[in-house]
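Peer 1: My questions will all concern the structure given below.
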2 protein chains.
Amino acid sequence: MDLLKKKILDEGSVEDGDILKVDSFLNHQLDIAFLNEIGKEFKKLFEDRKITKILTLETSGIAIASIAAQYFNVPVVFAKKIATKNLDKATYESDVYSYTKRRTYKIKVSKKYIKPEDHILILDDFLANAQAALGLMDIINKGGATLEGIGVVIEKGFQDGGKLLREKDINLKSLVIIDSFVEGKVIFR
Amino acid sequence: MDLLKKKILDEGSVEDGDILKVDSFLNHQLDIAFLNEIGKEFKKLFEDRKITKILTLETSGIAIASIAAQYFNVPVVFAKKIATKNLDKATYESDVYSYTKRRTYKIKVSKKYIKPEDHILILDDFLANAQAALGLMDIINKGGATLEGIGVVIEKGFQDGGKLLREKDINLKSLVIIDSFVEGKVIFR
């Protein structure tokens with residue numbers, strides 16, 4: 001997606017060697033007009049699939065999933081990272097290891113919102129080691145629903161998440177894949 | 001907003017005496033078509049104001065703010081509750097006391113995204129004690145920007161946040177105000 005590549009080159013910055021910061025449009029400030037272009041692109045990429053629900057993970061997936069959901073005419077469910085007071089006791093849970101934070105956390109979705117008849121598209125901002133994606137897939141599996149695909153805005157091609165999901169024959173679509181960072185510059189695949 | 005009242009009566013539930021659970025459409029599953037109606041309503045209520053940015057707080061404000069922002073044609077910025085690795089070091093911060101969790105937490109916004117020329121609308125899901133709203137107002141103030149108004153989906157009229165903000169002459173609009181919960185039933189003002 002050329003528009004996204006341009007946006008990353010214009011506004012992104014590489015920090016600490018391998019962290020791509022895109023908080024002017026994706027992770028802190030949200031460029032809603034641009035997220036609409038991303039939403040349309042996801043719709044195009046998953047047009048052949050019957051989708052009944054979009055599943056994402058708080059926090060950074062919520063805006064992307066919400067805007068994209070308008071093109072699919074479906075609701076969004078976001079997995080919660082911490083058990084909050086108001087969450088149902090009946091939840092599907094999975095453990096997710098965060099390489100960035102070097103700890104395992106639990107993600108949870110109320111059983112009310114994942115049903116066997118659901119055909120689910122997972123959307124998220126980044127794909128690196130695919131730990132979050134595997135956790136969401138585990139929850140879909142526990143709920144007996146069908147995974148129709150995974151869409152990510154930015155895949156870090158130098159980490160093994162994409163390879164791992166493609167080897168499992170997951171219908172994975174990444175809007176851009178970054179091959180490497182060379183002296184603070186982003187090299188796209 | 002009658003549509004919202006109906007939604008709360010049809011899908012909401014009252015738990016532990018004074019917690020309104022609306023996670024089928026607002027806090028866990030997101031009814032995006034319905035959030036568009038909420039977005040249009042906010043636009044109508046703040047039509048007379050020049051808005052350049054919508055400010056909200058992670059997590060539950062993000063979807064509401066993102067969908068509503070489409071009717072204002074402005075970006076969203078969401079304050080972060082925890083200092084994440086990728087957040088700028090230069091931030092405006094404020095302390096927010098949570099009555100629900102009985103602790104104080106910090107909220108932060110990068111200085112890049114609050115500028116003196118900004119005219120800001122705060123949007124959030126609930127208004128109870130207004131602690132989050134006061135924290136966001138503090139950040140707007142520190143950034144030298146102008147607060148144009150606060151829009152909340154559900155105001156708990158039996159807590160003092162609404163009174164407190166109206167006494168400060170804040171342009172506060174609540175889509176519904178709940179006066180009380182009587183035997184598990186929601187009583188609207």
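Convention: chains lettered A, B, ... in structure tokens order; per-chain residue numbering from 1; ligands numbered from 1 as shown.
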Which chain B residues are at most 9 Å from chain A (counting only C-alpha atoms), as a VMD selection string?

Peer 2: chain B and resid 15 19 to 21 23 to 25 27 to 33 58 to 60 62 to 67 69 to 70 73 to 80 85 to 87 100 to 101 109 to 110 112 to 113

Peer 1: DSSP on the backbone: what in region 1-101 of chain A comes out alpha helix (DSSP H), as a PyMOL selection string?

Peer 2: chain A and resi 2-11+32-45+62-72

Peer 1: Residues within 12 Å of Glu47 (chain A), please, as number ranges by chain. Count only C-alpha atoms; anything in the same chain fewer than 2 positions from it doesn't count.

Peer 2: A: 39-45, 49-51, 71-72, 121, 148-149

Peer 1: Can you tell me, as a list in words, what residues are no more than 10 Å from Pro116 (chain A) when counting only C-alpha atoms, ignoring any on the same chain fewer than 4 positions away?

Peer 2: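 Counting only the stated atoms, we get Ile140, Asn141, Lys142, Gly143, Gly144, Ala145 and Thr146 of chain A.
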
Peer 1: Looking at only C-alpha atoms, which of B:Arg189, B:Gly184, B:Ile82, B:Tyr99 is the one that sits closest to Leu9 (chain B)?

Peer 2: B:Gly184

Peer 1: I'd like the neighbourhood of Phe181 (chain A) as a PyMOL selection string, where a residue qualifies if any of its atoms comes within 9 Å (using only C-alpha atoms), though same-chain residues fewer than 5 positions away should be ignored.

Peer 2: chain A and resi 14+17-18+20+186-188

Peer 1: Using only C-alpha atoms, which of the listed residues (B:Ser98, B:Thr52, B:Gln159, B:Ser13) sits closest to Asp118 (chain B)?

Peer 2: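 Among B:Ser98, B:Thr52, B:Gln159, B:Ser13, it is B:Thr52 that comes nearest to Asp118 (chain B).
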
Peer 1: Using Å and a single decimal, report how far CA of Ile107 (chain B) sits from CA of Ile154 (chain A).

Peer 2: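 Between these atoms lies a distance of 26.7 Å.
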